[in-house]
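J.: File follows, entry-v7.cif with mmCIF, C-alpha atoms and all ligand atoms:
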data_query
#
loop_
_atom_site.label_atom_id
_atom_site.label_comp_id
_atom_site.auth_asym_id
_atom_site.auth_seq_id
_atom_site.Cartn_x
_atom_site.Cartn_y
_atom_site.Cartn_z
CA MET A 198 0.00 0.00 0.00
CA LYS A 199 1.11 3.57 -0.65
CA VAL A 200 0.65 6.81 1.23
CA LEU A 201 1.42 10.25 -0.22
CA ALA A 202 2.36 12.75 2.54
CA ASN A 203 2.08 15.77 0.28
CA ASP A 204 2.94 18.42 2.88
CA GLY A 205 5.71 16.33 4.47
CA MET A 206 5.76 14.10 7.54
CA SER A 207 7.97 13.69 10.60
CA ASN A 208 10.44 10.79 10.62
CA ALA A 209 8.55 9.28 13.56
CA GLY A 210 5.43 9.03 11.37
CA ILE A 211 7.36 7.66 8.39
CA ASP A 212 8.89 4.96 10.63
CA LYS A 213 5.41 3.91 11.81
CA PHE A 214 4.29 3.40 8.21
CA LYS A 215 7.47 1.50 7.32
CA THR A 216 7.01 -0.84 10.29
CA ALA A 217 3.49 -1.57 9.03
CA GLY A 218 4.91 -2.38 5.56
CA ILE A 219 3.39 0.74 3.95
CA GLU A 220 5.40 2.86 1.50
CA VAL A 221 5.40 6.62 2.21
CA ILE A 222 6.09 9.16 -0.50
CA THR A 223 6.96 12.63 0.83
CA GLU A 224 7.22 14.33 -2.54
CA ASN A 225 5.35 17.67 -2.69
CA VAL A 226 3.20 17.29 -5.79
CA PRO A 227 1.74 20.60 -7.07
CA GLN A 228 -2.00 20.93 -6.45
CA GLU A 229 -2.94 20.83 -10.15
CA GLN A 230 -0.99 17.61 -10.78
CA LEU A 231 -2.19 15.83 -7.66
CA ALA A 232 -5.09 13.85 -9.14
CA GLN A 233 -2.98 12.49 -11.98
CA TYR A 234 -0.13 11.61 -9.60
CA ILE A 235 -2.43 9.81 -7.15
CA ASN A 236 -4.05 7.76 -9.92
CA GLU A 237 -0.87 6.91 -11.82
CA ASN A 238 1.01 5.89 -8.65
CA LYS A 239 -1.93 3.99 -7.16
CA ILE A 240 -1.91 5.98 -3.90
CA ASP A 241 -4.22 4.49 -1.24
CA ALA A 242 -4.06 7.34 1.27
CA LEU A 243 -3.25 11.04 0.97
CA THR A 244 -2.18 12.94 4.04
CA VAL A 245 -1.80 16.72 4.13
CA ARG A 246 -1.12 19.54 6.59
CA SER A 247 -2.75 22.89 5.78
CA ALA A 248 -1.18 23.72 2.40
CA THR A 249 -2.68 21.05 0.12
CA LYS A 250 -6.41 21.39 -0.56
CA VAL A 251 -8.51 18.24 -0.80
CA ARG A 252 -11.67 19.52 -2.41
CA LYS A 253 -14.58 17.68 -4.04
CA ASP A 254 -13.01 17.83 -7.52
CA LEU A 255 -9.83 16.10 -6.33
CA ILE A 256 -11.79 13.52 -4.34
CA ASP A 257 -14.00 12.76 -7.38
CA ALA A 258 -10.98 12.56 -9.67
CA CYS A 259 -9.32 9.88 -7.47
CA PRO A 260 -11.86 7.04 -7.07
CA ALA A 261 -9.27 4.61 -5.65
CA LEU A 262 -8.13 6.99 -2.89
CA LYS A 263 -9.48 5.36 0.26
CA VAL A 264 -8.22 7.56 3.09
CA ILE A 265 -7.58 11.27 3.51
CA GLY A 266 -5.51 12.36 6.50
CA ARG A 267 -4.99 15.80 8.03
CA ALA A 268 -1.82 15.91 10.10
CA GLY A 269 -3.17 18.47 12.56
CA VAL A 270 -6.50 19.64 13.93
CA GLY A 271 -8.46 22.02 11.65
CA MET A 272 -9.79 20.37 8.48
CA ASP A 273 -10.83 23.57 6.66
CA ASN A 274 -8.73 22.52 3.64
CA ILE A 275 -10.60 19.22 3.18
CA ASP A 276 -14.20 18.68 2.01
CA VAL A 277 -14.73 16.30 4.91
CA ALA A 278 -18.51 15.91 4.77
CA TYR A 279 -18.46 15.23 1.02
CA ALA A 280 -15.60 12.72 1.27
CA ARG A 281 -17.37 10.83 4.05
CA SER A 282 -20.70 10.93 2.21
CA ILE A 283 -19.18 8.89 -0.62
CA GLY A 284 -17.50 6.40 1.68
CA ARG A 285 -13.97 7.79 2.00
CA THR A 286 -12.36 7.78 5.43
CA VAL A 287 -11.08 11.12 6.77
CA VAL A 288 -8.83 11.19 9.84
CA ASN A 289 -6.95 13.90 11.73
CA THR A 290 -4.84 14.23 14.89
CA PRO A 291 -6.83 16.32 17.37
CA ALA A 292 -4.87 15.42 20.51
CA ALA A 293 -1.26 15.45 19.38
CA SER A 294 -0.60 19.18 19.73
CA SER A 295 -2.52 19.95 22.94
CA ILE A 296 0.52 20.02 25.22
CA SER A 297 2.47 22.30 22.87
CA VAL A 298 -0.39 24.80 22.64
CA ALA A 299 -0.98 24.70 26.40
CA GLU A 300 2.72 25.27 27.10
CA LEU A 301 2.76 28.23 24.69
CA ALA A 302 -0.28 29.74 26.43
CA MET A 303 1.51 29.31 29.78
CA GLY A 304 4.61 30.92 28.25
CA HIS A 305 2.54 33.94 27.24
CA MET A 306 1.00 34.12 30.72
CA LEU A 307 4.45 34.29 32.30
CA SER A 308 5.72 36.66 29.63
CA VAL A 309 2.90 39.18 30.15
CA ALA A 310 2.93 38.82 33.96
CA ARG A 311 6.64 39.75 34.08
CA MET A 312 6.65 42.05 31.02
CA LEU A 313 9.27 39.80 29.43
CA CYS A 314 7.96 40.66 25.97
CA ASP A 315 8.83 44.36 26.25
CA SER A 316 11.88 43.72 28.40
CA ASN A 317 13.25 41.42 25.69
CA ASN A 318 12.75 44.19 23.15
CA GLN A 319 14.30 46.94 25.29
CA MET A 320 17.31 45.14 26.77
CA PRO A 321 19.28 45.02 23.49
CA LEU A 322 18.51 48.74 22.95
CA GLU A 323 18.98 50.20 26.43
CA GLY A 324 20.25 47.38 28.64
CA GLU A 325 23.77 48.79 28.66
CA SER A 326 22.97 52.51 28.87
CA ASN A 327 19.85 52.43 31.06
CA PHE A 328 19.92 49.24 33.14
CA ALA A 329 18.57 50.97 36.26
CA GLY A 330 15.77 52.63 34.29
CA LEU A 331 14.66 49.33 32.77
CA LYS A 332 14.96 47.58 36.14
CA LYS A 333 12.48 50.12 37.49
CA LYS A 334 10.20 49.91 34.43
CA TYR A 335 9.77 46.13 34.74
CA ALA A 336 9.63 45.96 38.54
CA LYS A 337 5.87 45.64 38.92
CA GLY A 338 5.28 42.17 37.56
CA LYS A 339 2.94 39.61 39.07
CA GLU A 340 3.32 36.06 40.35
CA LEU A 341 1.03 33.38 38.95
CA GLN A 342 0.92 31.42 42.21
CA GLY A 343 -2.28 32.13 44.11
CA LYS A 344 -3.94 33.83 41.14
CA THR A 345 -7.04 32.57 39.35
CA LEU A 346 -6.97 31.32 35.78
CA GLY A 347 -10.26 31.34 33.89
CA VAL A 348 -10.21 28.95 30.94
CA ILE A 349 -12.84 29.57 28.28
CA GLY A 350 -13.31 26.37 26.28
CA PHE A 351 -12.42 23.36 28.40
CA GLY A 352 -11.53 20.76 25.80
CA ARG A 353 -8.19 19.12 25.20
CA ILE A 354 -6.02 22.26 25.25
CA GLY A 355 -8.00 24.05 27.96
CA GLN A 356 -7.63 21.04 30.25
CA ALA A 357 -3.94 20.65 29.39
CA LEU A 358 -3.42 24.29 30.38
CA ALA A 359 -5.37 23.73 33.60
CA LYS A 360 -2.79 21.10 34.60
CA LYS A 361 0.08 23.51 33.98
CA ALA A 362 -1.68 26.23 35.96
CA ILE A 363 -2.44 23.92 38.89
CA GLY A 364 1.22 22.98 38.84
CA MET A 365 2.06 26.69 39.15
CA GLY A 366 -0.15 26.97 42.24
CA MET A 367 -3.03 28.70 40.49
CA LYS A 368 -6.73 28.27 41.13
CA VAL A 369 -8.49 27.17 37.94
CA MET A 370 -12.05 27.83 36.85
CA PHE A 371 -13.61 27.25 33.45
CA TYR A 372 -16.56 28.12 31.26
CA ASP A 373 -17.69 25.76 28.52
CA PRO A 374 -21.33 25.69 27.41
CA PHE A 375 -21.04 22.01 26.51
CA ILE A 376 -19.68 20.88 29.89
CA THR A 377 -22.24 21.06 32.66
CA THR A 378 -20.73 18.77 35.31
CA ALA A 379 -17.45 18.80 37.21
CA VAL A 380 -14.35 17.80 35.24
CA THR A 381 -11.68 15.65 36.87
CA ILE A 382 -8.17 16.72 35.94
CA THR A 383 -5.56 14.06 36.64
CA MET A 384 -1.96 15.16 36.81
CA ASP A 385 0.78 12.61 36.15
CA PHE A 386 4.09 13.28 37.82
CA PHE A 387 7.58 12.17 36.86
CA ASP A 388 7.78 9.58 39.65
CA GLY A 389 4.51 7.85 38.78
CA GLN A 390 2.36 9.72 41.30
CA LYS A 391 -1.04 10.87 40.14
CA VAL A 392 -3.12 13.62 41.73
CA SER A 393 -6.70 14.39 40.66
CA PHE A 394 -8.61 17.66 40.97
CA SER A 395 -12.31 18.15 40.40
CA ILE A 396 -13.25 21.49 38.84
CA GLU A 397 -16.87 22.64 38.75
CA PRO A 398 -18.05 24.57 35.69
CA SER A 399 -18.55 28.32 36.09
CA THR A 400 -20.64 30.80 34.18
CA LEU A 401 -18.97 33.27 31.87
CA GLU A 402 -19.93 36.05 34.28
CA GLN A 403 -18.19 34.22 37.16
CA VAL A 404 -15.05 33.79 35.06
CA TYR A 405 -15.01 37.48 34.10
CA LYS A 406 -15.57 38.54 37.69
CA ASN A 407 -12.94 36.34 39.34
CA ALA A 408 -10.17 35.49 36.88
CA ASP A 409 -6.81 37.27 36.98
CA PHE A 410 -5.84 35.49 33.76
CA ILE A 411 -8.28 34.46 31.03
CA SER A 412 -7.14 32.01 28.38
CA LEU A 413 -9.27 31.10 25.36
CA HIS A 414 -9.36 27.58 23.94
CA VAL A 415 -12.53 27.54 21.86
CA PRO A 416 -13.10 26.74 18.18
CA SER A 417 -13.62 29.56 15.63
CA GLN A 418 -16.60 31.71 16.53
CA GLU A 419 -18.95 33.66 14.26
CA LYS A 420 -18.37 36.80 16.30
CA PRO A 421 -15.76 37.68 18.91
CA LEU A 422 -16.34 36.11 22.30
CA ILE A 423 -14.20 38.74 23.99
CA ASP A 424 -15.46 42.18 23.03
CA ALA A 425 -15.66 45.54 24.81
CA GLN A 426 -18.66 44.46 26.90
CA ALA A 427 -16.93 41.28 28.05
CA ILE A 428 -13.75 43.19 28.93
CA ALA A 429 -15.76 45.70 30.95
CA LYS A 430 -16.95 42.81 33.17
CA MET A 431 -13.42 41.51 33.84
CA LYS A 432 -11.22 42.25 36.83
CA ASP A 433 -9.01 45.31 36.61
CA GLY A 434 -5.54 44.27 35.51
CA VAL A 435 -6.73 41.07 33.82
CA ILE A 436 -4.32 39.31 31.46
CA ILE A 437 -5.90 37.79 28.34
CA ILE A 438 -4.36 34.94 26.33
CA ASN A 439 -5.55 33.85 22.89
CA ALA A 440 -3.94 30.79 21.33
CA ALA A 441 -7.25 29.59 19.84
CA ARG A 442 -8.37 31.44 16.71
CA GLY A 443 -7.90 35.08 15.67
CA GLY A 444 -11.47 36.30 15.55
CA VAL A 445 -12.27 35.03 19.04
CA VAL A 446 -10.98 38.30 20.52
CA ASP A 447 -12.04 41.73 19.23
CA GLU A 448 -8.56 43.22 18.80
CA LEU A 449 -9.74 46.83 18.81
CA ALA A 450 -11.56 46.29 22.11
CA LEU A 451 -8.47 44.55 23.45
CA LEU A 452 -6.24 47.51 22.51
CA GLN A 453 -8.69 49.93 24.10
CA GLY A 454 -8.74 47.75 27.23
CA ILE A 455 -4.93 47.81 27.36
CA GLU A 456 -4.76 51.55 26.76
CA SER A 457 -7.30 52.29 29.50
CA GLY A 458 -5.35 50.12 31.95
CA LYS A 459 -8.29 47.73 32.44
CA VAL A 460 -6.30 44.97 30.75
CA ALA A 461 -2.71 44.57 32.00
CA GLY A 462 -1.62 42.85 28.81
CA ALA A 463 -2.32 40.09 26.34
CA GLY A 464 -0.55 37.04 24.97
CA LEU A 465 -1.49 36.33 21.37
CA ASP A 466 -0.54 33.45 19.10
CA VAL A 467 -3.41 34.02 16.68
CA PHE A 468 -4.68 37.15 14.95
CA ALA A 469 -7.88 38.25 13.28
CA THR A 470 -6.09 39.21 10.06
CA GLU A 471 -3.43 36.52 9.68
CA PRO A 472 -0.98 36.60 8.00
CA THR A 473 -0.93 40.41 8.30
CA PRO A 474 -1.78 41.16 11.95
CA ASN A 475 -2.92 44.61 13.07
CA VAL A 476 0.21 46.75 13.44
CA HIS A 477 -1.09 48.40 16.63
CA ILE A 478 -1.33 44.97 18.25
CA LEU A 479 2.18 44.15 17.01
CA MET A 480 3.68 47.41 18.30
CA ASN A 481 1.95 47.45 21.69
CA GLU A 482 4.45 47.00 24.50
CA LYS A 483 1.95 45.03 26.60
CA THR A 484 1.38 42.28 24.08
CA SER A 485 3.41 39.08 24.06
CA LEU A 486 3.31 37.76 20.52
CA SER A 487 4.01 34.65 18.47
CA PRO A 488 3.16 33.90 14.82
CA HIS A 489 0.60 31.06 15.22
CA ILE A 490 3.16 28.52 16.42
CA GLY A 491 1.02 26.81 19.08
CA ALA A 492 1.36 23.35 17.57
CA SER A 493 4.73 23.99 15.96
CA THR A 494 7.17 22.09 18.13
CA THR A 495 9.29 19.14 17.11
CA ASP A 496 7.59 17.11 19.85
CA ALA A 497 4.09 17.92 18.57
CA GLN A 498 5.13 17.23 14.97
CA ASP A 499 6.48 13.82 16.02
CA LYS A 500 3.26 13.05 17.90
CA ILE A 501 1.18 14.27 14.94
CA GLY A 502 3.19 12.04 12.57
CA ILE A 503 2.73 9.00 14.79
CA GLU A 504 -0.99 9.67 15.39
CA ILE A 505 -1.80 10.25 11.71
CA ALA A 506 0.17 7.12 10.75
CA GLU A 507 -1.70 5.03 13.33
CA ASN A 508 -5.07 6.40 12.17
CA ILE A 509 -4.31 5.83 8.48
CA ILE A 510 -2.92 2.33 9.09
CA ALA A 511 -6.08 1.45 11.05
CA ALA A 512 -8.31 2.86 8.29
CA LEU A 513 -6.42 1.03 5.51
CA SER A 514 -6.60 -2.27 7.33
CA LYS A 515 -10.41 -2.19 7.62
P1 LIG B 601 -11.56 20.89 21.75
O1 LIG B 601 -12.60 20.63 20.74
O2 LIG B 601 -10.96 19.75 22.49
O3 LIG B 601 -12.08 21.95 22.83
C1 LIG B 601 -12.78 23.10 22.50
C2 LIG B 601 -13.79 23.33 23.61
O4 LIG B 601 -14.40 24.61 23.38
C3 LIG B 601 -14.91 22.29 23.66
O5 LIG B 601 -14.97 21.69 24.94
C4 LIG B 601 -16.17 23.10 23.36
O6 LIG B 601 -17.29 22.63 24.11
C5 LIG B 601 -15.75 24.48 23.82
N1 LIG B 601 -16.52 25.58 23.26
C6 LIG B 601 -17.11 25.66 22.03
N2 LIG B 601 -17.71 26.87 21.90
C7 LIG B 601 -17.50 27.53 23.06
C8 LIG B 601 -17.88 28.82 23.53
N3 LIG B 601 -18.58 29.66 22.79
N4 LIG B 601 -17.48 29.18 24.78
C9 LIG B 601 -16.76 28.36 25.57
N5 LIG B 601 -16.39 27.12 25.17
C10 LIG B 601 -16.75 26.72 23.93
O7 LIG B 601 -10.43 21.72 20.97
P2 LIG B 601 -8.90 21.91 21.39
O8 LIG B 601 -8.08 20.84 20.75
O9 LIG B 601 -8.82 22.14 22.84
O10 LIG B 601 -8.57 23.25 20.58
C11 LIG B 601 -9.08 24.51 21.04
C12 LIG B 601 -8.72 25.61 20.06
O11 LIG B 601 -7.32 25.71 19.89
C13 LIG B 601 -9.29 25.42 18.65
O12 LIG B 601 -9.77 26.65 18.18
C14 LIG B 601 -8.10 25.11 17.83
O13 LIG B 601 -8.28 25.52 16.50
C15 LIG B 601 -7.04 25.92 18.52
N6 LIG B 601 -5.70 25.47 18.22
C16 LIG B 601 -4.74 26.42 18.08
C17 LIG B 601 -3.44 26.03 17.77
C18 LIG B 601 -2.35 27.06 17.60
O14 LIG B 601 -1.42 26.82 16.85
N7 LIG B 601 -2.42 28.17 18.31
C19 LIG B 601 -3.12 24.68 17.59
C20 LIG B 601 -4.13 23.73 17.78
C21 LIG B 601 -5.42 24.14 18.09
#
As structure tokens - that is how I would like this structure written.
T.:
Amino acid sequence: MKVLANDGMSNAGIDKFKTAGIEVITENVPQEQLAQYINENKIDALTVRSATKVRKDLIDACPALKVIGRAGVGMDNIDVAYARSIGRTVVNTPAASSISVAELAMGHMLSVARMLCDSNNQMPLEGESNFAGLKKKYAKGKELQGKTLGVIGFGRIGQALAKKAIGMGMKVMFYDPFITTAVTITMDFFDGQKVSFSIEPSTLEQVYKNADFISLHVPSQEKPLIDAQAIAKMKDGVIIINAARGGVVDELALLQGIESGKVAGAGLDVFATEPTPNVHILMNEKTSLSPHIGASTTDAQDKIGIEIAENIIAALSK
């Protein structure tokens, strides 16, 4: 059997396929030649990241293609419903990147709380000439220990972040309209110990009222979840983290919140207008920024490769 990994694949994933006796081709075939390539080379499964589009026309043009894989979470580039409606299997890797995204969100929390983002920018410029001035400027940071984290969207990443926050000594609360009972978070430690925590759901109002840090881990929304009205209900000095999707936070309202002092700062991995984020967000000294790299670690890519390989192998052996 043959798999075409058109947007590449980690060595860990390739090894999984090889062990199962499946040939993996990692050639990047241009979109317009893909159908011909798949048919001529008798490809059984096509796996992509976000670059290659697997639309209805390609699916129809490749009748022998049994499985379509998305090495990652979002499947916007695949006509999933259509593919499934005509009996093709579509698989993705929803869990593989949760730890990486959660760790990035925690990184942004620490970065904003200690103003590391601006300090990192200013030290090369003034560190030598104005050390004492910068020391004073960045002297009013906050500890995370003892503070409350409000997680909005308590799925895989939200719960992974909750574990990190509990480990930092934070109190964790969450809002998720689809979770109405307490969630048990089990933390696994290096020496085999396990400790479980039960967290009751909160309302959005309770999260706004009590959280010192608010981190968003929801799917794309039709309109921003965090707008000016939501910010007005938050605690003074709140820190907002968005590593979910750009439009989830109204960036103008966020900037106004930062400028008024209501919001102490924000950590952003995603932007409403990717790949050209709002320049005022980029230039603001209270924003800690990364270019949508939540899942982009070598560890996550290895896990994604292994998970997609396992899912495709299972689908091909049905
Ligand atoms: P998940 O499906 O496991 O969890 C999402 C949770 O959000 C669910 O529990 C759902 O009930 C909840 N939810 C839906 N609408 C909500 C709303 N209006 N308010 C509150 N909660 C709501 O998904 P996940 O794997 O945890 O991913 C969460 C987000 O992270 C997704 O948007 C995903 O696209 C994004 N993500 C970002 C990166 C990155 O690179 N920054 C990488 C992977 C995933």
J.: So which residues are near ligand LIG 601 (chain B), meaning at most 8 Å away with all atoms listed in the file counted, given back as a PyMOL selection string?
T.: chain A and resi 269-271+291-292+294-295+298+349-356+372-376+413-418+422+439-442+466-467+489-493
J.: Just want the 9 Å neighbourhood of Ile219 in chain A, counted on all atoms listed in the file, with same-chain residues fewer than 6 positions away dropped. Output as a PyMOL selection string.
T.: chain A and resi 198-200+213+510
J.: So which residues touch Glu224 in chain A within 8 Å, counting only C-alpha atoms, skipping near sequence neighbours fewer than 3 positions away, as a count of residues only?
T.: 4
J.: Which residues, protein or nucleic acid, reach to within 8 Å of (-15.6, 38.9, 31.7) in the file's coordinates when using only C-alpha atoms, and can you give that as a PDB file with C-alpha atoms, in the frame of the given file?
T.:
ATOM      1  CA  LEU A 401     -18.970  33.270  31.870  1.00  0.00           C
ATOM      2  CA  GLU A 402     -19.930  36.050  34.280  1.00  0.00           C
ATOM      3  CA  GLN A 403     -18.190  34.220  37.160  1.00  0.00           C
ATOM      4  CA  VAL A 404     -15.050  33.790  35.060  1.00  0.00           C
ATOM      5  CA  TYR A 405     -15.010  37.480  34.100  1.00  0.00           C
ATOM      6  CA  LYS A 406     -15.570  38.540  37.690  1.00  0.00           C
ATOM      7  CA  ILE A 423     -14.200  38.740  23.990  1.00  0.00           C
ATOM      8  CA  GLN A 426     -18.660  44.460  26.900  1.00  0.00           C
ATOM      9  CA  ALA A 427     -16.930  41.280  28.050  1.00  0.00           C
ATOM     10  CA  ILE A 428     -13.750  43.190  28.930  1.00  0.00           C
ATOM     11  CA  ALA A 429     -15.760  45.700  30.950  1.00  0.00           C
ATOM     12  CA  LYS A 430     -16.950  42.810  33.170  1.00  0.00           C
ATOM     13  CA  MET A 431     -13.420  41.510  33.840  1.00  0.00           C
ATOM     14  CA  LYS A 432     -11.220  42.250  36.830  1.00  0.00           C
TER      15      LYS A 432
END
J.: Can you list, as a ChimeraX atom specification, every protein, DNA or RNA residue that comes within 12 Å of Ile363 in chain A when you count only C-alpha atoms, leaving out same-chain residues fewer than 2 positions away?
T.: /A:303,341-347,356-361,365-370,382-384,392-396
J.: Given 3 Å of margin on each side, can you work out the centre and size in Å (one decimal) of an axis-aligned box holding every listed atom of range 338-348 of chain A, as lines of an AutoDock Vina configuration file?
T.:
center_x = -2.5
center_y = 35.6
center_z = 37.5
size_x = 21.5
size_y = 19.2
size_z = 19.2
J.: Please determine, counting all atoms listed in the file, which residue among A:Met480, A:Ala310, A:Phe371, A:Pro474 has the shortest atom-to-atom distance to Val435 in chain A.
T.: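 Ranked by minimum distance to Val435 in chain A, first place goes to A:Ala310.
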J.: I'd like to know which of A:Ser247, A:Glu482, A:Cys259, A:Thr473 is closest to Gln230 in chain A, using all atoms listed in the file.
T.: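 Closest candidate: A:Cys259.
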J.: Record the distance separating CA of Val251 in chain A and CA of Ile509 in chain A, expressed in Å with one decimal.
T.: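 Computed distance, CA of Val251 in chain A to CA of Ile509 in chain A, equals 16.1 Å.
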J.: In Å to one decimal, how far is CA of Arg252 in chain A from CA of Ile275 in chain A?
T.: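 Going from CA of Ile275 in chain A over to CA of Arg252 in chain A covers 5.7 Å.
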J.: For Ala248 in chain A, which residue out of A:Met272, A:Ile411, A:Leu449, A:Ile438 is the nearest one, using all atoms listed in the file?
T.: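 Smallest distance to Ala248 in chain A is found for A:Met272.
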J.: Which of these residues is nearest to Ala209 in chain A, using only C-alpha atoms: A:Met306, A:Leu513, A:Ala506, A:Ala425?
T.: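 Counting only C-alpha atoms, the residue closest to Ala209 in chain A is A:Ala506.
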J.: How many Å separate CA of Asn475 in chain A from CA of Ser308 in chain A?
T.: 20.3 Å
J.: What's the 7 Å shell around Gly443 in chain A, counting only C-alpha atoms, without same-chain residues fewer than 3 positions away, as a PyMOL selection string?
T.: chain A and resi 446+467-469
J.: Skipping near chain neighbours, those fewer than 5 positions away, what residues fall within 8 Å of Lys483 in chain A using all atoms listed in the file, listed as a VMD selection string?
T.: chain A and resid 309 312 314 to 315 455 461 to 463
J.: Measuring atom to atom with all atoms listed in the file, identify which of A:Asn508, A:Asn407, A:Thr495, A:Ser399 is nearest to Thr378 in chain A.
T.: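 Distance minimum relative to Thr378 in chain A lands on A:Ser399.
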